[in-house]
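Novice: This one is upload14.pdb, PDB, N, CA, C and O atoms.
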MODEL        1
ATOM      1  N   MET A 192       2.498   0.150 -10.412
ATOM      2  CA  MET A 192       3.663   0.975 -10.162
ATOM      3  C   MET A 192       3.978   1.022  -8.676
ATOM      4  O   MET A 192       3.097   0.872  -7.848
ATOM      5  N   GLY A 193       5.204   1.320  -8.328
ATOM      6  CA  GLY A 193       5.627   1.376  -6.937
ATOM      7  C   GLY A 193       5.356   2.726  -6.302
ATOM      8  O   GLY A 193       6.240   3.545  -6.232
ATOM      9  N   ASN A 194       4.157   2.923  -5.840
ATOM     10  CA  ASN A 194       3.794   4.177  -5.188
ATOM     11  C   ASN A 194       3.816   4.003  -3.676
ATOM     12  O   ASN A 194       2.962   4.486  -2.968
ATOM     13  N   HIS A 195       4.818   3.280  -3.178
ATOM     14  CA  HIS A 195       4.958   3.007  -1.756
ATOM     15  C   HIS A 195       5.736   4.146  -1.110
ATOM     16  O   HIS A 195       6.885   4.375  -1.425
ATOM     17  N   GLN A 196       5.079   4.867  -0.214
ATOM     18  CA  GLN A 196       5.701   6.024   0.409
ATOM     19  C   GLN A 196       6.171   5.676   1.813
ATOM     20  O   GLN A 196       5.461   5.017   2.574
ATOM     21  N   LYS A 197       7.369   6.137   2.147
ATOM     22  CA  LYS A 197       7.947   5.903   3.460
ATOM     23  C   LYS A 197       7.191   6.719   4.513
ATOM     24  O   LYS A 197       6.836   7.863   4.291
ATOM     25  N   LYS A 198       6.948   6.114   5.677
ATOM     26  CA  LYS A 198       6.313   6.822   6.787
ATOM     27  C   LYS A 198       7.306   7.801   7.399
ATOM     28  O   LYS A 198       8.509   7.574   7.381
ATOM     29  N   GLU A 199       6.776   8.858   7.984
ATOM     30  CA  GLU A 199       7.623   9.779   8.731
ATOM     31  C   GLU A 199       8.083   9.098  10.012
ATOM     32  O   GLU A 199       7.404   8.217  10.554
ATOM     33  N   LEU A 200       9.238   9.511  10.513
ATOM     34  CA  LEU A 200       9.808   8.908  11.716
ATOM     35  C   LEU A 200       8.849   9.013  12.904
ATOM     36  O   LEU A 200       8.638   8.032  13.621
ATOM     37  N   LEU A 201       8.255  10.180  13.113
ATOM     38  CA  LEU A 201       7.331  10.321  14.237
ATOM     39  C   LEU A 201       6.136   9.378  14.110
ATOM     40  O   LEU A 201       5.635   8.859  15.106
ATOM     41  N   GLU A 202       5.691   9.140  12.897
ATOM     42  CA  GLU A 202       4.579   8.206  12.675
ATOM     43  C   GLU A 202       5.004   6.773  13.033
ATOM     44  O   GLU A 202       4.251   6.025  13.651
ATOM     45  N   GLU A 203       6.212   6.398  12.647
ATOM     46  CA  GLU A 203       6.748   5.070  13.017
ATOM     47  C   GLU A 203       6.792   4.918  14.534
ATOM     48  O   GLU A 203       6.395   3.883  15.082
ATOM     49  N   LEU A 204       7.276   5.951  15.220
ATOM     50  CA  LEU A 204       7.391   5.894  16.670
ATOM     51  C   LEU A 204       6.016   5.903  17.338
ATOM     52  O   LEU A 204       5.800   5.226  18.343
ATOM     53  N   ARG A 205       5.063   6.642  16.770
ATOM     54  CA  ARG A 205       3.694   6.665  17.303
ATOM     55  C   ARG A 205       3.083   5.269  17.250
ATOM     56  O   ARG A 205       2.496   4.787  18.215
ATOM     57  N   GLU A 206       3.241   4.606  16.104
ATOM     58  CA  GLU A 206       2.710   3.250  15.962
ATOM     59  C   GLU A 206       3.371   2.294  16.951
ATOM     60  O   GLU A 206       2.702   1.454  17.558
ATOM     61  N   ALA A 207       4.679   2.414  17.108
ATOM     62  CA  ALA A 207       5.404   1.529  18.022
ATOM     63  C   ALA A 207       4.954   1.721  19.468
ATOM     64  O   ALA A 207       4.915   0.767  20.242
ATOM     65  N   ALA A 208       4.590   2.955  19.825
ATOM     66  CA  ALA A 208       4.153   3.253  21.184
ATOM     67  C   ALA A 208       2.661   3.005  21.381
ATOM     68  O   ALA A 208       2.136   3.200  22.473
ATOM     69  N   HIS A 209       1.989   2.584  20.314
ATOM     70  CA  HIS A 209       0.547   2.323  20.363
ATOM     71  C   HIS A 209      -0.245   3.559  20.787
ATOM     72  O   HIS A 209      -1.194   3.461  21.565
ATOM     73  N   CYS A 210       0.173   4.711  20.268
ATOM     74  CA  CYS A 210      -0.513   5.973  20.551
ATOM     75  C   CYS A 210      -1.534   6.253  19.453
ATOM     76  O   CYS A 210      -1.349   5.848  18.313
ATOM     77  N   ASP A 211      -2.584   6.967  19.821
ATOM     78  CA  ASP A 211      -3.591   7.361  18.840
ATOM     79  C   ASP A 211      -3.111   8.508  17.957
ATOM     80  O   ASP A 211      -3.456   8.592  16.789
ATOM     81  N   CYS A 212      -2.338   9.419  18.530
ATOM     82  CA  CYS A 212      -1.832  10.545  17.739
ATOM     83  C   CYS A 212      -0.407  10.871  18.170
ATOM     84  O   CYS A 212       0.038  10.479  19.248
ATOM     85  N   ILE A 213       0.300  11.582  17.325
ATOM     86  CA  ILE A 213       1.704  11.910  17.576
ATOM     87  C   ILE A 213       1.854  12.720  18.859
ATOM     88  O   ILE A 213       2.820  12.550  19.598
ATOM     89  N   PHE A 214       0.899  13.586  19.155
ATOM     90  CA  PHE A 214       0.979  14.405  20.367
ATOM     91  C   PHE A 214       1.134  13.541  21.615
ATOM     92  O   PHE A 214       1.770  13.956  22.588
ATOM     93  N   ASP A 215       0.584  12.334  21.596
ATOM     94  CA  ASP A 215       0.668  11.442  22.755
ATOM     95  C   ASP A 215       2.089  10.976  23.046
ATOM     96  O   ASP A 215       2.351  10.425  24.123
ATOM     97  N   LEU A 216       3.014  11.186  22.116
ATOM     98  CA  LEU A 216       4.413  10.811  22.338
ATOM     99  C   LEU A 216       5.114  11.758  23.307
ATOM    100  O   LEU A 216       6.149  11.418  23.862
ATOM    101  N   ARG A 217       4.573  12.936  23.476
ATOM    102  CA  ARG A 217       5.246  13.959  24.286
ATOM    103  C   ARG A 217       5.175  13.609  25.764
ATOM    104  O   ARG A 217       4.145  13.254  26.286
ATOM    105  N   GLY A 218       6.314  13.749  26.422
ATOM    106  CA  GLY A 218       6.377  13.534  27.861
ATOM    107  C   GLY A 218       6.788  12.126  28.232
ATOM    108  O   GLY A 218       6.409  11.174  27.582
ATOM    109  N   PRO A 219       7.601  12.010  29.280
ATOM    110  CA  PRO A 219       8.143  10.703  29.685
ATOM    111  C   PRO A 219       7.206   9.877  30.557
ATOM    112  O   PRO A 219       7.590   8.834  31.045
ATOM    113  N   GLU A 220       5.966  10.314  30.764
ATOM    114  CA  GLU A 220       5.095   9.581  31.682
ATOM    115  C   GLU A 220       4.472   8.325  31.083
ATOM    116  O   GLU A 220       3.866   7.546  31.780
ATOM    117  N   ARG A 221       4.605   8.115  29.790
ATOM    118  CA  ARG A 221       4.044   6.925  29.145
ATOM    119  C   ARG A 221       4.991   5.734  29.295
ATOM    120  O   ARG A 221       6.186   5.900  29.416
ATOM    121  N   SER A 222       4.419   4.557  29.258
ATOM    122  CA  SER A 222       5.220   3.349  29.173
ATOM    123  C   SER A 222       5.524   3.133  27.694
ATOM    124  O   SER A 222       4.620   2.893  26.899
ATOM    125  N   VAL A 223       6.758   3.257  27.313
ATOM    126  CA  VAL A 223       7.096   3.301  25.891
ATOM    127  C   VAL A 223       8.187   2.315  25.503
ATOM    128  O   VAL A 223       9.025   2.608  24.665
ATOM    129  N   ALA A 224       8.165   1.138  26.087
ATOM    130  CA  ALA A 224       9.192   0.145  25.768
ATOM    131  C   ALA A 224       9.206  -0.169  24.275
ATOM    132  O   ALA A 224      10.281  -0.310  23.680
ATOM    133  N   HIS A 225       8.027  -0.261  23.654
ATOM    134  CA  HIS A 225       7.971  -0.556  22.230
ATOM    135  C   HIS A 225       8.546   0.599  21.404
ATOM    136  O   HIS A 225       9.211   0.371  20.396
ATOM    137  N   LEU A 226       8.288   1.839  21.824
ATOM    138  CA  LEU A 226       8.834   3.002  21.121
ATOM    139  C   LEU A 226      10.353   2.970  21.173
ATOM    140  O   LEU A 226      11.021   3.163  20.155
ATOM    141  N   VAL A 227      10.906   2.738  22.347
ATOM    142  CA  VAL A 227      12.362   2.722  22.511
ATOM    143  C   VAL A 227      12.979   1.609  21.669
ATOM    144  O   VAL A 227      13.974   1.820  20.977
ATOM    145  N   LYS A 228      12.379   0.427  21.689
ATOM    146  CA  LYS A 228      12.896  -0.690  20.891
ATOM    147  C   LYS A 228      12.873  -0.340  19.402
ATOM    148  O   LYS A 228      13.838  -0.574  18.680
ATOM    149  N   ARG A 229      11.755   0.235  18.946
ATOM    150  CA  ARG A 229      11.636   0.603  17.530
ATOM    151  C   ARG A 229      12.624   1.702  17.169
ATOM    152  O   ARG A 229      13.233   1.668  16.098
ATOM    153  N   ALA A 230      12.819   2.673  18.046
ATOM    154  CA  ALA A 230      13.789   3.734  17.795
ATOM    155  C   ALA A 230      15.189   3.156  17.635
ATOM    156  O   ALA A 230      15.934   3.544  16.732
ATOM    157  N   GLU A 231      15.536   2.211  18.502
ATOM    158  CA  GLU A 231      16.855   1.582  18.401
ATOM    159  C   GLU A 231      17.007   0.821  17.081
ATOM    160  O   GLU A 231      18.047   0.871  16.438
ATOM    161  N   GLU A 232      15.941   0.110  16.671
ATOM    162  CA  GLU A 232      15.979  -0.611  15.387
ATOM    163  C   GLU A 232      16.137   0.360  14.218
ATOM    164  O   GLU A 232      16.957   0.153  13.321
ATOM    165  N   LEU A 233      15.329   1.422  14.217
ATOM    166  CA  LEU A 233      15.346   2.371  13.107
ATOM    167  C   LEU A 233      16.643   3.155  13.032
ATOM    168  O   LEU A 233      17.069   3.558  11.951
ATOM    169  N   SER A 234      17.297   3.368  14.169
ATOM    170  CA  SER A 234      18.553   4.130  14.162
ATOM    171  C   SER A 234      19.666   3.372  13.447
ATOM    172  O   SER A 234      20.631   3.976  12.987
ATOM    173  N   LYS A 235      19.510   2.055  13.336
ATOM    174  CA  LYS A 235      20.538   1.236  12.682
ATOM    175  C   LYS A 235      20.329   1.136  11.167
ATOM    176  O   LYS A 235      21.166   0.618  10.459
ATOM    177  N   THR A 236      19.198   1.655  10.677
ATOM    178  CA  THR A 236      18.934   1.641   9.244
ATOM    179  C   THR A 236      19.260   3.013   8.667
ATOM    180  O   THR A 236      19.433   3.978   9.393
ATOM    181  N   GLY A 237      19.304   3.099   7.381
ATOM    182  CA  GLY A 237      19.556   4.374   6.721
ATOM    183  C   GLY A 237      18.276   5.060   6.286
ATOM    184  O   GLY A 237      18.315   5.970   5.467
ATOM    185  N   ASP A 238      17.137   4.620   6.854
ATOM    186  CA  ASP A 238      15.847   5.118   6.392
ATOM    187  C   ASP A 238      15.573   6.574   6.746
ATOM    188  O   ASP A 238      14.829   7.243   6.052
ATOM    189  N   TYR A 239      16.142   7.055   7.837
ATOM    190  CA  TYR A 239      15.852   8.410   8.290
ATOM    191  C   TYR A 239      17.149   9.184   8.505
ATOM    192  O   TYR A 239      18.095   8.681   9.090
ATOM    193  N   ALA A 240      17.126  10.433   8.077
ATOM    194  CA  ALA A 240      18.298  11.298   8.196
ATOM    195  C   ALA A 240      18.459  11.797   9.635
ATOM    196  O   ALA A 240      17.497  11.812  10.416
ATOM    197  N   LEU A 241      19.662  12.214   9.968
ATOM    198  CA  LEU A 241      19.943  12.742  11.296
ATOM    199  C   LEU A 241      19.018  13.916  11.628
ATOM    200  O   LEU A 241      18.535  14.036  12.752
ATOM    201  N   LYS A 242      18.712  14.753  10.665
ATOM    202  CA  LYS A 242      17.809  15.891  10.902
ATOM    203  C   LYS A 242      16.426  15.400  11.335
ATOM    204  O   LYS A 242      15.818  15.974  12.238
ATOM    205  N   GLU A 243      15.926  14.335  10.713
ATOM    206  CA  GLU A 243      14.629  13.783  11.116
ATOM    207  C   GLU A 243      14.670  13.284  12.563
ATOM    208  O   GLU A 243      13.719  13.464  13.313
ATOM    209  N   TRP A 244      15.770  12.649  12.925
ATOM    210  CA  TRP A 244      15.933  12.169  14.291
ATOM    211  C   TRP A 244      15.976  13.335  15.267
ATOM    212  O   TRP A 244      15.332  13.312  16.308
ATOM    213  N   THR A 245      16.746  14.354  14.913
ATOM    214  CA  THR A 245      16.861  15.526  15.774
ATOM    215  C   THR A 245      15.501  16.193  15.952
ATOM    216  O   THR A 245      15.109  16.544  17.073
ATOM    217  N   ASP A 246      14.769  16.358  14.863
ATOM    218  CA  ASP A 246      13.438  16.965  14.933
ATOM    219  C   ASP A 246      12.479  16.117  15.774
ATOM    220  O   ASP A 246      11.694  16.658  16.561
ATOM    221  N   ALA A 247      12.536  14.794  15.623
ATOM    222  CA  ALA A 247      11.654  13.906  16.386
ATOM    223  C   ALA A 247      11.960  13.987  17.879
ATOM    224  O   ALA A 247      11.042  14.105  18.702
ATOM    225  N   VAL A 248      13.233  13.951  18.231
ATOM    226  CA  VAL A 248      13.615  14.034  19.641
ATOM    227  C   VAL A 248      13.202  15.394  20.210
ATOM    228  O   VAL A 248      12.680  15.479  21.327
ATOM    229  N   GLN A 249      13.399  16.444  19.433
ATOM    230  CA  GLN A 249      13.002  17.774  19.890
ATOM    231  C   GLN A 249      11.495  17.829  20.124
ATOM    232  O   GLN A 249      11.035  18.357  21.132
ATOM    233  N   TYR A 250      10.716  17.259  19.219
ATOM    234  CA  TYR A 250       9.267  17.257  19.373
ATOM    235  C   TYR A 250       8.839  16.480  20.618
ATOM    236  O   TYR A 250       8.033  16.945  21.418
ATOM    237  N   ILE A 251       9.399  15.289  20.786
ATOM    238  CA  ILE A 251       8.994  14.419  21.887
ATOM    239  C   ILE A 251       9.421  14.981  23.244
ATOM    240  O   ILE A 251       8.650  14.962  24.199
ATOM    241  N   THR A 252      10.646  15.513  23.330
ATOM    242  CA  THR A 252      11.174  15.978  24.616
ATOM    243  C   THR A 252      10.846  17.432  24.905
ATOM    244  O   THR A 252      10.885  17.852  26.054
ATOM    245  N   GLY A 253      10.564  18.207  23.855
ATOM    246  CA  GLY A 253      10.307  19.632  24.036
ATOM    247  C   GLY A 253      11.565  20.458  24.188
ATOM    248  O   GLY A 253      11.502  21.638  24.517
ATOM    249  N   CYS A 254      12.729  19.860  23.943
ATOM    250  CA  CYS A 254      14.013  20.556  24.077
ATOM    251  C   CYS A 254      14.831  20.407  22.801
ATOM    252  O   CYS A 254      14.699  19.420  22.091
ATOM    253  N   SER A 255      15.671  21.390  22.542
ATOM    254  CA  SER A 255      16.555  21.327  21.373
ATOM    255  C   SER A 255      17.808  20.533  21.711
ATOM    256  O   SER A 255      18.398  20.729  22.771
ATOM    257  N   TRP A 256      18.186  19.653  20.806
ATOM    258  CA  TRP A 256      19.373  18.828  20.992
ATOM    259  C   TRP A 256      20.145  18.754  19.688
ATOM    260  O   TRP A 256      19.558  18.837  18.612
ATOM    261  N   ASN A 257      21.441  18.566  19.801
ATOM    262  CA  ASN A 257      22.294  18.304  18.641
ATOM    263  C   ASN A 257      22.948  16.954  18.866
ATOM    264  O   ASN A 257      23.544  16.720  19.917
ATOM    265  N   PHE A 258      22.810  16.076  17.889
ATOM    266  CA  PHE A 258      23.376  14.738  18.006
ATOM    267  C   PHE A 258      24.415  14.534  16.913
ATOM    268  O   PHE A 258      24.322  15.119  15.841
ATOM    269  N   HIS A 259      25.378  13.663  17.183
ATOM    270  CA  HIS A 259      26.407  13.344  16.197
ATOM    271  C   HIS A 259      25.921  12.299  15.198
ATOM    272  O   HIS A 259      26.397  12.243  14.079
ATOM    273  N   ASP A 260      24.980  11.449  15.633
ATOM    274  CA  ASP A 260      24.459  10.408  14.747
ATOM    275  C   ASP A 260      23.097   9.934  15.239
ATOM    276  O   ASP A 260      22.637  10.334  16.310
ATOM    277  N   LYS A 261      22.462   9.095  14.438
ATOM    278  CA  LYS A 261      21.118   8.598  14.743
ATOM    279  C   LYS A 261      21.102   7.732  15.996
ATOM    280  O   LYS A 261      20.150   7.769  16.768
ATOM    281  N   GLU A 262      22.146   6.953  16.200
ATOM    282  CA  GLU A 262      22.216   6.087  17.361
ATOM    283  C   GLU A 262      22.228   6.909  18.649
ATOM    284  O   GLU A 262      21.628   6.527  19.647
ATOM    285  N   GLU A 263      22.921   8.047  18.613
ATOM    286  CA  GLU A 263      22.953   8.923  19.780
ATOM    287  C   GLU A 263      21.551   9.478  20.074
ATOM    288  O   GLU A 263      21.124   9.547  21.221
ATOM    289  N   ALA A 264      20.822   9.847  19.025
ATOM    290  CA  ALA A 264      19.457  10.357  19.192
ATOM    291  C   ALA A 264      18.549   9.280  19.784
ATOM    292  O   ALA A 264      17.786   9.541  20.717
ATOM    293  N   ALA A 265      18.625   8.065  19.255
ATOM    294  CA  ALA A 265      17.817   6.963  19.786
ATOM    295  C   ALA A 265      18.203   6.656  21.229
ATOM    296  O   ALA A 265      17.338   6.396  22.071
ATOM    297  N   GLY A 266      19.481   6.712  21.526
ATOM    298  CA  GLY A 266      19.949   6.496  22.900
ATOM    299  C   GLY A 266      19.435   7.560  23.846
ATOM    300  O   GLY A 266      19.097   7.277  24.995
ATOM    301  N   TYR A 267      19.352   8.794  23.350
ATOM    302  CA  TYR A 267      18.815   9.858  24.187
ATOM    303  C   TYR A 267      17.342   9.603  24.498
ATOM    304  O   TYR A 267      16.901   9.793  25.627
ATOM    305  N   LEU A 268      16.572   9.175  23.494
ATOM    306  CA  LEU A 268      15.157   8.853  23.749
ATOM    307  C   LEU A 268      15.051   7.765  24.812
ATOM    308  O   LEU A 268      14.182   7.842  25.687
ATOM    309  N   LYS A 269      15.904   6.766  24.731
ATOM    310  CA  LYS A 269      15.872   5.677  25.713
ATOM    311  C   LYS A 269      16.121   6.229  27.118
ATOM    312  O   LYS A 269      15.369   5.916  28.047
ATOM    313  N   SER A 270      17.120   7.081  27.273
ATOM    314  CA  SER A 270      17.412   7.626  28.595
ATOM    315  C   SER A 270      16.323   8.590  29.054
ATOM    316  O   SER A 270      15.977   8.640  30.222
ATOM    317  N   PHE A 271      15.741   9.352  28.117
ATOM    318  CA  PHE A 271      14.656  10.281  28.440
ATOM    319  C   PHE A 271      13.463   9.531  29.019
ATOM    320  O   PHE A 271      12.922   9.912  30.059
ATOM    321  N   PHE A 272      13.069   8.454  28.378
ATOM    322  CA  PHE A 272      11.927   7.688  28.873
ATOM    323  C   PHE A 272      12.264   6.862  30.100
ATOM    324  O   PHE A 272      11.397   6.593  30.914
ATOM    325  N   SER A 273      13.517   6.468  30.262
ATOM    326  CA  SER A 273      13.917   5.738  31.461
ATOM    327  C   SER A 273      13.802   6.610  32.710
ATOM    328  O   SER A 273      13.494   6.116  33.787
ATOM    329  N   CYS A 274      14.018   7.912  32.527
ATOM    330  CA  CYS A 274      13.922   8.833  33.668
ATOM    331  C   CYS A 274      12.490   8.928  34.176
ATOM    332  O   CYS A 274      12.263   9.237  35.328
ATOM    333  N   GLY A 275      11.515   8.684  33.302
ATOM    334  CA  GLY A 275      10.106   8.796  33.696
ATOM    335  C   GLY A 275       9.553   7.524  34.325
ATOM    336  O   GLY A 275       8.434   7.492  34.772
ATOM    337  N   SER A 276      10.357   6.459  34.373
ATOM    338  CA  SER A 276       9.852   5.181  34.902
ATOM    339  C   SER A 276       9.858   5.167  36.413
ATOM    340  O   SER A 276      10.649   5.715  37.053
TER     341      SER A 276
ENDMDL
END
Produce structure tokens that represent the structure in this file.
Specialist:
Amino acid sequence: MGNHQKKELLEELREAAHCDCIFDLRGPERSVAHLVKRAEELSKTGDYALKEWTDAVQYITGCSWNFHDKEEAAGYLKSFFSCGS
């Protein structure tokens, strides 16, 4: 039977950033080129709802944000991590 469960968005981003735990995603001091690339890829799919994106960005940045779409959320993550470079 197809008991294949979709990963949570934060888990996908954690794997892309090669972090041991989700908490390691917090803060712009990490080198996260893989996370940003994966976020951009995932924002173009219908796999995750806008609420999941909003919650993930809020968790990672520590700030509340409202986005119009997933691409905007992924773009914000890209700019957030670019500021830490």
Novice: Selection in question (the file shown): the PyMOL selection byres (((chain A and resi 235 and name CA) around 12) and name CA). Which residues does it include, as a PDB file with N, CA, C and O atoms, in the coordinates of the input?
Specialist:
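Written output follows (expr-v5.pdb):
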ATOM      1  N   LYS A 228      12.379   0.427  21.689  1.00  0.00           N
ATOM      2  CA  LYS A 228      12.896  -0.690  20.891  1.00  0.00           C
ATOM      3  C   LYS A 228      12.873  -0.340  19.402  1.00  0.00           C
ATOM      4  O   LYS A 228      13.838  -0.574  18.680  1.00  0.00           O
ATOM      5  N   ARG A 229      11.755   0.235  18.946  1.00  0.00           N
ATOM      6  CA  ARG A 229      11.636   0.603  17.530  1.00  0.00           C
ATOM      7  C   ARG A 229      12.624   1.702  17.169  1.00  0.00           C
ATOM      8  O   ARG A 229      13.233   1.668  16.098  1.00  0.00           O
ATOM      9  N   ALA A 230      12.819   2.673  18.046  1.00  0.00           N
ATOM     10  CA  ALA A 230      13.789   3.734  17.795  1.00  0.00           C
ATOM     11  C   ALA A 230      15.189   3.156  17.635  1.00  0.00           C
ATOM     12  O   ALA A 230      15.934   3.544  16.732  1.00  0.00           O
ATOM     13  N   GLU A 231      15.536   2.211  18.502  1.00  0.00           N
ATOM     14  CA  GLU A 231      16.855   1.582  18.401  1.00  0.00           C
ATOM     15  C   GLU A 231      17.007   0.821  17.081  1.00  0.00           C
ATOM     16  O   GLU A 231      18.047   0.871  16.438  1.00  0.00           O
ATOM     17  N   GLU A 232      15.941   0.110  16.671  1.00  0.00           N
ATOM     18  CA  GLU A 232      15.979  -0.611  15.387  1.00  0.00           C
ATOM     19  C   GLU A 232      16.137   0.360  14.218  1.00  0.00           C
ATOM     20  O   GLU A 232      16.957   0.153  13.321  1.00  0.00           O
ATOM     21  N   LEU A 233      15.329   1.422  14.217  1.00  0.00           N
ATOM     22  CA  LEU A 233      15.346   2.371  13.107  1.00  0.00           C
ATOM     23  C   LEU A 233      16.643   3.155  13.032  1.00  0.00           C
ATOM     24  O   LEU A 233      17.069   3.558  11.951  1.00  0.00           O
ATOM     25  N   SER A 234      17.297   3.368  14.169  1.00  0.00           N
ATOM     26  CA  SER A 234      18.553   4.130  14.162  1.00  0.00           C
ATOM     27  C   SER A 234      19.666   3.372  13.447  1.00  0.00           C
ATOM     28  O   SER A 234      20.631   3.976  12.987  1.00  0.00           O
ATOM     29  N   THR A 236      19.198   1.655  10.677  1.00  0.00           N
ATOM     30  CA  THR A 236      18.934   1.641   9.244  1.00  0.00           C
ATOM     31  C   THR A 236      19.260   3.013   8.667  1.00  0.00           C
ATOM     32  O   THR A 236      19.433   3.978   9.393  1.00  0.00           O
ATOM     33  N   GLY A 237      19.304   3.099   7.381  1.00  0.00           N
ATOM     34  CA  GLY A 237      19.556   4.374   6.721  1.00  0.00           C
ATOM     35  C   GLY A 237      18.276   5.060   6.286  1.00  0.00           C
ATOM     36  O   GLY A 237      18.315   5.970   5.467  1.00  0.00           O
ATOM     37  N   ASP A 238      17.137   4.620   6.854  1.00  0.00           N
ATOM     38  CA  ASP A 238      15.847   5.118   6.392  1.00  0.00           C
ATOM     39  C   ASP A 238      15.573   6.574   6.746  1.00  0.00           C
ATOM     40  O   ASP A 238      14.829   7.243   6.052  1.00  0.00           O
ATOM     41  N   TYR A 239      16.142   7.055   7.837  1.00  0.00           N
ATOM     42  CA  TYR A 239      15.852   8.410   8.290  1.00  0.00           C
ATOM     43  C   TYR A 239      17.149   9.184   8.505  1.00  0.00           C
ATOM     44  O   TYR A 239      18.095   8.681   9.090  1.00  0.00           O
ATOM     45  N   ALA A 240      17.126  10.433   8.077  1.00  0.00           N
ATOM     46  CA  ALA A 240      18.298  11.298   8.196  1.00  0.00           C
ATOM     47  C   ALA A 240      18.459  11.797   9.635  1.00  0.00           C
ATOM     48  O   ALA A 240      17.497  11.812  10.416  1.00  0.00           O
ATOM     49  N   LEU A 241      19.662  12.214   9.968  1.00  0.00           N
ATOM     50  CA  LEU A 241      19.943  12.742  11.296  1.00  0.00           C
ATOM     51  C   LEU A 241      19.018  13.916  11.628  1.00  0.00           C
ATOM     52  O   LEU A 241      18.535  14.036  12.752  1.00  0.00           O
ATOM     53  N   TRP A 244      15.770  12.649  12.925  1.00  0.00           N
ATOM     54  CA  TRP A 244      15.933  12.169  14.291  1.00  0.00           C
ATOM     55  C   TRP A 244      15.976  13.335  15.267  1.00  0.00           C
ATOM     56  O   TRP A 244      15.332  13.312  16.308  1.00  0.00           O
ATOM     57  N   ASP A 260      24.980  11.449  15.633  1.00  0.00           N
ATOM     58  CA  ASP A 260      24.459  10.408  14.747  1.00  0.00           C
ATOM     59  C   ASP A 260      23.097   9.934  15.239  1.00  0.00           C
ATOM     60  O   ASP A 260      22.637  10.334  16.310  1.00  0.00           O
ATOM     61  N   LYS A 261      22.462   9.095  14.438  1.00  0.00           N
ATOM     62  CA  LYS A 261      21.118   8.598  14.743  1.00  0.00           C
ATOM     63  C   LYS A 261      21.102   7.732  15.996  1.00  0.00           C
ATOM     64  O   LYS A 261      20.150   7.769  16.768  1.00  0.00           O
ATOM     65  N   GLU A 262      22.146   6.953  16.200  1.00  0.00           N
ATOM     66  CA  GLU A 262      22.216   6.087  17.361  1.00  0.00           C
ATOM     67  C   GLU A 262      22.228   6.909  18.649  1.00  0.00           C
ATOM     68  O   GLU A 262      21.628   6.527  19.647  1.00  0.00           O
ATOM     69  N   GLU A 263      22.921   8.047  18.613  1.00  0.00           N
ATOM     70  CA  GLU A 263      22.953   8.923  19.780  1.00  0.00           C
ATOM     71  C   GLU A 263      21.551   9.478  20.074  1.00  0.00           C
ATOM     72  O   GLU A 263      21.124   9.547  21.221  1.00  0.00           O
ATOM     73  N   ALA A 264      20.822   9.847  19.025  1.00  0.00           N
ATOM     74  CA  ALA A 264      19.457  10.357  19.192  1.00  0.00           C
ATOM     75  C   ALA A 264      18.549   9.280  19.784  1.00  0.00           C
ATOM     76  O   ALA A 264      17.786   9.541  20.717  1.00  0.00           O
ATOM     77  N   ALA A 265      18.625   8.065  19.255  1.00  0.00           N
ATOM     78  CA  ALA A 265      17.817   6.963  19.786  1.00  0.00           C
ATOM     79  C   ALA A 265      18.203   6.656  21.229  1.00  0.00           C
ATOM     80  O   ALA A 265      17.338   6.396  22.071  1.00  0.00           O
ATOM     81  N   GLY A 266      19.481   6.712  21.526  1.00  0.00           N
ATOM     82  CA  GLY A 266      19.949   6.496  22.900  1.00  0.00           C
ATOM     83  C   GLY A 266      19.435   7.560  23.846  1.00  0.00           C
ATOM     84  O   GLY A 266      19.097   7.277  24.995  1.00  0.00           O
TER      85      GLY A 266
END
Novice: Can you tell me, as a PyMOL selection string, what residues are no more than 6 Å from segment 208-215 of chain A when counting only C-alpha atoms, ignoring any on the same chain fewer than 2 positions away?
Specialist: chain A and resi 205-206+217+223+225-226
Novice: Next, dump the selected residues to file, keeping only N, CA, C and O atoms, as a compact mmCIF listing (two decimals), in the frame of the given file.
Specialist:
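After the write, result_39.txt holds the following:
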# COMPACT_ATOMS: atom_id res chain seq x y z
N ARG A 205 5.06 6.64 16.77
CA ARG A 205 3.69 6.66 17.30
C ARG A 205 3.08 5.27 17.25
O ARG A 205 2.50 4.79 18.22
N GLU A 206 3.24 4.61 16.10
CA GLU A 206 2.71 3.25 15.96
C GLU A 206 3.37 2.29 16.95
O GLU A 206 2.70 1.45 17.56
N ARG A 217 4.57 12.94 23.48
CA ARG A 217 5.25 13.96 24.29
C ARG A 217 5.18 13.61 25.76
O ARG A 217 4.14 13.25 26.29
N VAL A 223 6.76 3.26 27.31
CA VAL A 223 7.10 3.30 25.89
C VAL A 223 8.19 2.32 25.50
O VAL A 223 9.02 2.61 24.66
N HIS A 225 8.03 -0.26 23.65
CA HIS A 225 7.97 -0.56 22.23
C HIS A 225 8.55 0.60 21.40
O HIS A 225 9.21 0.37 20.40
N LEU A 226 8.29 1.84 21.82
CA LEU A 226 8.83 3.00 21.12
C LEU A 226 10.35 2.97 21.17
O LEU A 226 11.02 3.16 20.16
Novice: To one decimal place, how far is atom N of Ile251 of chain A from atom O of Leu216 of chain A in Å?
Specialist: 5.9 Å
Novice: Mind pulling up the distance from atom CA of Lys197 of chain A to atom CA of Ser273 of chain A?
Specialist: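 Separating atom CA of Ser273 of chain A from atom CA of Lys197 of chain A is a distance of 28.6 Å.
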Novice: DSSP on the backbone: which residues in segment 192-266 of chain A end up as alpha helix (DSSP H)? Give the answer as a count of residues only.
Specialist: 37
Novice: Provide an axis-aligned box for all listed atoms of segment 254-261 of chain A, padding each side by 4 Å; report its centre and its edge lengths in Å to one decimal, as JSON.
Specialist:
{"center_x": 19.6, "center_y": 14.6, "center_z": 19.1, "size_x": 21.7, "size_y": 21.7, "size_z": 18.0}
Novice: From the list A:Cys254, A:Ala224, A:Ala207, A:Ala247, which residue is nearest Phe272 of chain A when using only C-alpha atoms?
Specialist: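 Nearest candidate to Phe272 of chain A out of A:Cys254, A:Ala224, A:Ala207, A:Ala247: A:Ala224.
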Novice: Would you mind reading off the distance between atom O of Glu203 of chain A and atom O of Ser255 of chain A, one decimal, in Å?
Specialist: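 Between atom O of Glu203 of chain A and atom O of Ser255 of chain A the gap is 22.1 Å.
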